[in-house]
Amino acid sequence: MSKKLVAYFSASGTTAKVAKNLSEAIGADIFEIKPAIPYTKKDLDWNNSKSRTTLEMNDEYSRPQIAEKISDISKYDTIFLGFPIWWYSAPHIINTFLESDDFSGKEIILFATSGGSDLRGIVGKLKKSCPGAEILEGEMMNYEPSKGELKSWAESF
């Protein structure tokens with residue numbers, strides 16, 4: 001049996017709820033990807049062209065610093081990676097996370113939350129940040145799936 005990890009970034013708490021339920025449903029360890037400088041409500045204002053997130057997402061090389069690294073990624077074979085969709089993509093802090101360690105040989109399964117976007121094209125963008133890993137598209141979780149639904153979904157991989 002392989003060791004599983006649910007790693008997630010959540011700015012508003014929506015993705016965190018799904019991640020915690022997924023972790024409990026499949027008996028996986030959990031790790032929150034926290035920014036070194038937490039995002040404020042003002043930072044998250046996508047209507048403001050000068051907001052922190054808008055500036056970060058408009059710069060493909062932006063890598064917001066994370067507060068801490070996972071202690072030992074080598075003990076995990078499968079990583080469920082969750083995040084909100086920002087500007088039709090993964091927040092760049094996800095690239096920071098993936099570039100902070102060696103994910104070679106790992107299976108990374110994406111799940112995301114969004115008000116209207118999907119995961120299309122995100123796998124290709126993230127592959128550059130973790131060469132040697134297999135990234136799978138996973139699923140959008142714009143609802144609150146039950147632990148039973150999450151377990152069935154996770155077991156399909």
# chains A, B, ... in the order shown; residues from 1 in each chain; ligands from 1
call {"tool": "residues_around", "arguments": {"residues": "Ser146 in chain A", "least_positions_apart": "3", "cutoff": "10 Å", "atoms": "only C-alpha atoms", "output": "PyMOL selection string"}}
result
chain A and resi 18+21-22+25+143+149-152
call {"tool": "residues_around", "arguments": {"residues": "range 52-68 of chain A", "least_positions_apart": "3", "cutoff": "6 Å", "atoms": "only C-alpha atoms", "output": "PyMOL selection string"}}
result
chain A and resi 34-36+43-44+49+92-93+96
call {"tool": "write_last_selection", "arguments": {"atoms": "N, CA, C and O atoms", "output": "JSON list (two decimals), in the first residue's frame"}}
result
[["chain", "number", "residue", "atom", "x", "y", "z"],
["A", 34, "LYS", "N", 1.18, 27.07, 2.94],
["A", 34, "LYS", "CA", 0.89, 28.42, 3.45],
["A", 34, "LYS", "C", 1.88, 29.42, 2.87],
["A", 34, "LYS", "O", 3.08, 29.16, 2.84],
["A", 35, "PRO", "N", 1.37, 30.57, 2.45],
["A", 35, "PRO", "CA", 2.29, 31.60, 1.97],
["A", 35, "PRO", "C", 3.08, 32.20, 3.14],
["A", 35, "PRO", "O", 2.55, 32.31, 4.26],
["A", 36, "ALA", "N", 4.32, 32.56, 2.91],
["A", 36, "ALA", "CA", 5.13, 33.20, 3.95],
["A", 36, "ALA", "C", 4.46, 34.50, 4.40],
["A", 36, "ALA", "O", 4.49, 34.85, 5.57],
["A", 43, "ASP", "N", -5.63, 41.67, -1.07],
["A", 43, "ASP", "CA", -4.72, 40.96, -1.98],
["A", 43, "ASP", "C", -5.48, 40.09, -2.98],
["A", 43, "ASP", "O", -5.02, 39.86, -4.09],
["A", 44, "LEU", "N", -6.63, 39.58, -2.56],
["A", 44, "LEU", "CA", -7.40, 38.64, -3.36],
["A", 44, "LEU", "C", -8.41, 39.31, -4.30],
["A", 44, "LEU", "O", -9.16, 38.63, -4.98],
["A", 49, "SER", "N", -6.52, 45.68, -10.66],
["A", 49, "SER", "CA", -5.35, 45.33, -11.48],
["A", 49, "SER", "C", -4.03, 45.46, -10.73],
["A", 49, "SER", "O", -3.00, 44.99, -11.19],
["A", 92, "HIS", "N", 0.37, 30.67, -8.40],
["A", 92, "HIS", "CA", 1.81, 30.42, -8.55],
["A", 92, "HIS", "C", 2.47, 29.86, -7.30],
["A", 92, "HIS", "O", 3.57, 29.30, -7.38],
["A", 93, "ILE", "N", 1.80, 29.95, -6.16],
["A", 93, "ILE", "CA", 2.35, 29.33, -4.95],
["A", 93, "ILE", "C", 2.39, 27.80, -5.11],
["A", 93, "ILE", "O", 3.21, 27.13, -4.49],
["A", 96, "THR", "N", 5.65, 27.16, -6.62],
["A", 96, "THR", "CA", 6.67, 27.27, -5.56],
["A", 96, "THR", "C", 6.76, 25.95, -4.80],
["A", 96, "THR", "O", 7.86, 25.44, -4.55]]
call {"tool": "select_by_dssp", "arguments": {"residues": "range 31-80 of chain A", "states": "helix (DSSP H, G or I)", "output": "short mmCIF file (atom, residue, chain, number, x, y, z; two decimals) with N, CA, C and O atoms, in the first residue's frame"}}
result
data_model
loop_
_atom_site.label_atom_id
_atom_site.label_comp_id
_atom_site.auth_asym_id
_atom_site.auth_seq_id
_atom_site.Cartn_x
_atom_site.Cartn_y
_atom_site.Cartn_z
N ARG A 52 -2.30 42.12 -5.17
CA ARG A 52 -1.17 41.18 -5.11
C ARG A 52 -1.39 39.96 -6.01
O ARG A 52 -0.50 39.58 -6.77
N THR A 53 -2.57 39.37 -5.94
CA THR A 53 -2.80 38.17 -6.74
C THR A 53 -2.84 38.48 -8.23
O THR A 53 -2.36 37.68 -9.03
N THR A 54 -3.38 39.61 -8.60
CA THR A 54 -3.41 39.98 -10.02
C THR A 54 -1.99 40.16 -10.53
O THR A 54 -1.63 39.66 -11.61
N LEU A 55 -1.16 40.85 -9.76
CA LEU A 55 0.23 41.05 -10.17
C LEU A 55 0.99 39.73 -10.26
O LEU A 55 1.74 39.49 -11.21
N GLU A 56 0.78 38.85 -9.28
CA GLU A 56 1.44 37.54 -9.30
C GLU A 56 1.01 36.72 -10.51
O GLU A 56 1.84 36.14 -11.21
N MET A 57 -0.28 36.68 -10.77
CA MET A 57 -0.79 35.83 -11.84
C MET A 57 -0.46 36.38 -13.23
O MET A 57 -0.41 35.64 -14.19
N ILE A 73 9.17 14.50 1.71
CA ILE A 73 8.30 14.14 0.59
C ILE A 73 8.59 12.72 0.10
O ILE A 73 7.74 12.08 -0.51
N SER A 74 9.77 12.20 0.40
CA SER A 74 10.17 10.89 -0.11
C SER A 74 9.28 9.76 0.40
O SER A 74 9.19 8.70 -0.22
N LYS A 75 8.60 9.95 1.51
CA LYS A 75 7.77 8.87 2.05
C LYS A 75 6.40 8.75 1.38
O LYS A 75 5.64 7.85 1.69
#
call {"tool": "select_by_dssp", "arguments": {"residues": "range 16-136 of chain A", "states": "strand (DSSP E)", "output": "PyMOL selection string"}}
result
chain A and resi 29-32+78-84+107-113+134-136
call {"tool": "write_last_selection", "arguments": {"atoms": "N, CA, C and O atoms", "output": "PDB file, in the first residue's frame"}}
result
ATOM      1  N   ASP A  29      -2.091  11.619   5.042  1.00  0.00           N
ATOM      2  CA  ASP A  29      -1.531  12.763   5.757  1.00  0.00           C
ATOM      3  C   ASP A  29      -1.987  14.028   5.043  1.00  0.00           C
ATOM      4  O   ASP A  29      -2.360  13.986   3.866  1.00  0.00           O
ATOM      5  N   ILE A  30      -1.927  15.152   5.752  1.00  0.00           N
ATOM      6  CA  ILE A  30      -2.356  16.415   5.150  1.00  0.00           C
ATOM      7  C   ILE A  30      -1.298  17.483   5.401  1.00  0.00           C
ATOM      8  O   ILE A  30      -0.634  17.478   6.443  1.00  0.00           O
ATOM      9  N   PHE A  31      -1.125  18.359   4.404  1.00  0.00           N
ATOM     10  CA  PHE A  31      -0.155  19.446   4.506  1.00  0.00           C
ATOM     11  C   PHE A  31      -0.743  20.684   3.863  1.00  0.00           C
ATOM     12  O   PHE A  31      -1.136  20.656   2.691  1.00  0.00           O
ATOM     13  N   GLU A  32      -0.813  21.756   4.632  1.00  0.00           N
ATOM     14  CA  GLU A  32      -1.298  23.017   4.088  1.00  0.00           C
ATOM     15  C   GLU A  32      -0.134  23.824   3.533  1.00  0.00           C
ATOM     16  O   GLU A  32       0.855  24.058   4.227  1.00  0.00           O
ATOM     17  N   THR A  78       1.840   8.965  -3.649  1.00  0.00           N
ATOM     18  CA  THR A  78       0.719   9.637  -4.290  1.00  0.00           C
ATOM     19  C   THR A  78       0.403  10.914  -3.534  1.00  0.00           C
ATOM     20  O   THR A  78       0.275  10.904  -2.307  1.00  0.00           O
ATOM     21  N   ILE A  79       0.275  12.008  -4.276  1.00  0.00           N
ATOM     22  CA  ILE A  79      -0.022  13.304  -3.679  1.00  0.00           C
ATOM     23  C   ILE A  79      -1.261  13.875  -4.352  1.00  0.00           C
ATOM     24  O   ILE A  79      -1.287  14.043  -5.577  1.00  0.00           O
ATOM     25  N   PHE A  80      -2.279  14.117  -3.567  1.00  0.00           N
ATOM     26  CA  PHE A  80      -3.466  14.818  -4.045  1.00  0.00           C
ATOM     27  C   PHE A  80      -3.195  16.291  -3.779  1.00  0.00           C
ATOM     28  O   PHE A  80      -2.971  16.684  -2.632  1.00  0.00           O
ATOM     29  N   LEU A  81      -3.189  17.086  -4.834  1.00  0.00           N
ATOM     30  CA  LEU A  81      -2.791  18.491  -4.732  1.00  0.00           C
ATOM     31  C   LEU A  81      -3.983  19.386  -5.049  1.00  0.00           C
ATOM     32  O   LEU A  81      -4.486  19.388  -6.172  1.00  0.00           O
ATOM     33  N   GLY A  82      -4.429  20.145  -4.050  1.00  0.00           N
ATOM     34  CA  GLY A  82      -5.614  20.974  -4.209  1.00  0.00           C
ATOM     35  C   GLY A  82      -5.320  22.461  -4.132  1.00  0.00           C
ATOM     36  O   GLY A  82      -4.416  22.894  -3.415  1.00  0.00           O
ATOM     37  N   PHE A  83      -6.122  23.230  -4.876  1.00  0.00           N
ATOM     38  CA  PHE A  83      -5.947  24.680  -4.923  1.00  0.00           C
ATOM     39  C   PHE A  83      -7.176  25.317  -5.561  1.00  0.00           C
ATOM     40  O   PHE A  83      -7.920  24.656  -6.285  1.00  0.00           O
ATOM     41  N   PRO A  84      -7.372  26.612  -5.324  1.00  0.00           N
ATOM     42  CA  PRO A  84      -8.412  27.339  -6.059  1.00  0.00           C
ATOM     43  C   PRO A  84      -7.862  27.700  -7.438  1.00  0.00           C
ATOM     44  O   PRO A  84      -6.650  27.817  -7.616  1.00  0.00           O
ATOM     45  N   GLU A 107       3.133  10.355  -8.161  1.00  0.00           N
ATOM     46  CA  GLU A 107       1.887  10.576  -8.892  1.00  0.00           C
ATOM     47  C   GLU A 107       1.176  11.729  -8.185  1.00  0.00           C
ATOM     48  O   GLU A 107       0.915  11.656  -6.986  1.00  0.00           O
ATOM     49  N   ILE A 108       0.911  12.787  -8.923  1.00  0.00           N
ATOM     50  CA  ILE A 108       0.265  13.974  -8.367  1.00  0.00           C
ATOM     51  C   ILE A 108      -1.098  14.116  -9.029  1.00  0.00           C
ATOM     52  O   ILE A 108      -1.189  14.251 -10.253  1.00  0.00           O
ATOM     53  N   ILE A 109      -2.141  14.069  -8.215  1.00  0.00           N
ATOM     54  CA  ILE A 109      -3.507  14.138  -8.711  1.00  0.00           C
ATOM     55  C   ILE A 109      -4.099  15.472  -8.281  1.00  0.00           C
ATOM     56  O   ILE A 109      -4.169  15.778  -7.083  1.00  0.00           O
ATOM     57  N   LEU A 110      -4.502  16.256  -9.251  1.00  0.00           N
ATOM     58  CA  LEU A 110      -5.006  17.598  -8.970  1.00  0.00           C
ATOM     59  C   LEU A 110      -6.495  17.588  -8.621  1.00  0.00           C
ATOM     60  O   LEU A 110      -7.266  16.809  -9.180  1.00  0.00           O
ATOM     61  N   PHE A 111      -6.867  18.479  -7.705  1.00  0.00           N
ATOM     62  CA  PHE A 111      -8.275  18.801  -7.482  1.00  0.00           C
ATOM     63  C   PHE A 111      -8.324  20.290  -7.212  1.00  0.00           C
ATOM     64  O   PHE A 111      -7.364  20.878  -6.704  1.00  0.00           O
ATOM     65  N   ALA A 112      -9.401  20.916  -7.619  1.00  0.00           N
ATOM     66  CA  ALA A 112      -9.463  22.370  -7.508  1.00  0.00           C
ATOM     67  C   ALA A 112     -10.884  22.838  -7.230  1.00  0.00           C
ATOM     68  O   ALA A 112     -11.850  22.104  -7.435  1.00  0.00           O
ATOM     69  N   THR A 113     -10.958  24.070  -6.775  1.00  0.00           N
ATOM     70  CA  THR A 113     -12.239  24.736  -6.570  1.00  0.00           C
ATOM     71  C   THR A 113     -12.214  26.034  -7.369  1.00  0.00           C
ATOM     72  O   THR A 113     -11.162  26.626  -7.580  1.00  0.00           O
ATOM     73  N   GLU A 134       4.378  12.343 -12.407  1.00  0.00           N
ATOM     74  CA  GLU A 134       3.209  12.157 -13.264  1.00  0.00           C
ATOM     75  C   GLU A 134       2.077  12.985 -12.674  1.00  0.00           C
ATOM     76  O   GLU A 134       1.682  12.763 -11.525  1.00  0.00           O
ATOM     77  N   ILE A 135       1.577  13.940 -13.441  1.00  0.00           N
ATOM     78  CA  ILE A 135       0.482  14.781 -12.962  1.00  0.00           C
ATOM     79  C   ILE A 135      -0.792  14.388 -13.698  1.00  0.00           C
ATOM     80  O   ILE A 135      -0.806  14.319 -14.922  1.00  0.00           O
ATOM     81  N   LEU A 136      -1.841  14.146 -12.923  1.00  0.00           N
ATOM     82  CA  LEU A 136      -3.135  13.772 -13.479  1.00  0.00           C
ATOM     83  C   LEU A 136      -4.143  14.876 -13.196  1.00  0.00           C
ATOM     84  O   LEU A 136      -4.127  15.492 -12.128  1.00  0.00           O
TER      85      LEU A 136
END
call {"tool": "closest_residue", "arguments": {"among": "A:Ile94, A:Ile70, A:Leu126, A:Ala19", "to": "Met141 in chain A", "atoms": "only C-alpha atoms"}}
result
A:Ala19
call {"tool": "atom_distance", "arguments": {"atom1": "CA of Lys127 in chain A", "atom2": "CA of Ser100 in chain A"}}
result
13.7 Å
call {"tool": "closest_residue", "arguments": {"among": "A:Ile122, A:Tyr76, A:Gly105, A:Gly115", "to": "Ser89 in chain A", "atoms": "only C-alpha atoms"}}
result
A:Ile122
call {"tool": "residues_around", "arguments": {"residues": "range 129-131 of chain A", "least_positions_apart": "2", "cutoff": "7 Å", "atoms": "only C-alpha atoms", "output": "list of chain:residue names"}}
result
A:Asn95, A:Leu98, A:Glu99, A:Phe103, A:Ser104, A:Leu126, A:Lys127, A:Ala133
call {"tool": "write_last_selection", "arguments": {"atoms": "N, CA and C atoms", "output": "PDB file, in the first residue's frame"}}
result
ATOM      1  N   ASN A  95       3.312  26.338  -7.923  1.00  0.00           N
ATOM      2  CA  ASN A  95       4.623  26.137  -8.577  1.00  0.00           C
ATOM      3  C   ASN A  95       5.742  26.202  -7.539  1.00  0.00           C
ATOM      4  N   LEU A  98       5.846  22.898  -5.750  1.00  0.00           N
ATOM      5  CA  LEU A  98       6.369  21.824  -6.592  1.00  0.00           C
ATOM      6  C   LEU A  98       7.864  21.985  -6.875  1.00  0.00           C
ATOM      7  N   GLU A  99       8.332  23.216  -6.936  1.00  0.00           N
ATOM      8  CA  GLU A  99       9.748  23.469  -7.203  1.00  0.00           C
ATOM      9  C   GLU A  99      10.602  23.386  -5.932  1.00  0.00           C
ATOM     10  N   PHE A 103       9.935  15.761  -6.749  1.00  0.00           N
ATOM     11  CA  PHE A 103       8.722  14.965  -6.895  1.00  0.00           C
ATOM     12  C   PHE A 103       8.886  13.863  -7.945  1.00  0.00           C
ATOM     13  N   SER A 104      10.109  13.573  -8.340  1.00  0.00           N
ATOM     14  CA  SER A 104      10.366  12.518  -9.332  1.00  0.00           C
ATOM     15  C   SER A 104       9.749  11.205  -8.867  1.00  0.00           C
ATOM     16  N   LEU A 126       1.896  22.966 -14.903  1.00  0.00           N
ATOM     17  CA  LEU A 126       2.551  22.522 -13.667  1.00  0.00           C
ATOM     18  C   LEU A 126       3.671  21.516 -13.911  1.00  0.00           C
ATOM     19  N   LYS A 127       3.620  20.787 -15.018  1.00  0.00           N
ATOM     20  CA  LYS A 127       4.656  19.781 -15.304  1.00  0.00           C
ATOM     21  C   LYS A 127       6.047  20.385 -15.332  1.00  0.00           C
ATOM     22  N   ALA A 133       7.661  13.779 -12.381  1.00  0.00           N
ATOM     23  CA  ALA A 133       6.422  13.390 -11.704  1.00  0.00           C
ATOM     24  C   ALA A 133       5.343  13.178 -12.746  1.00  0.00           C
TER      25      ALA A 133
END
call {"tool": "closest_residue", "arguments": {"among": "A:Phe9, A:Thr14, A:Pro38, A:Glu24", "to": "Gly148 in chain A", "atoms": "only C-alpha atoms"}}
result
A:Glu24
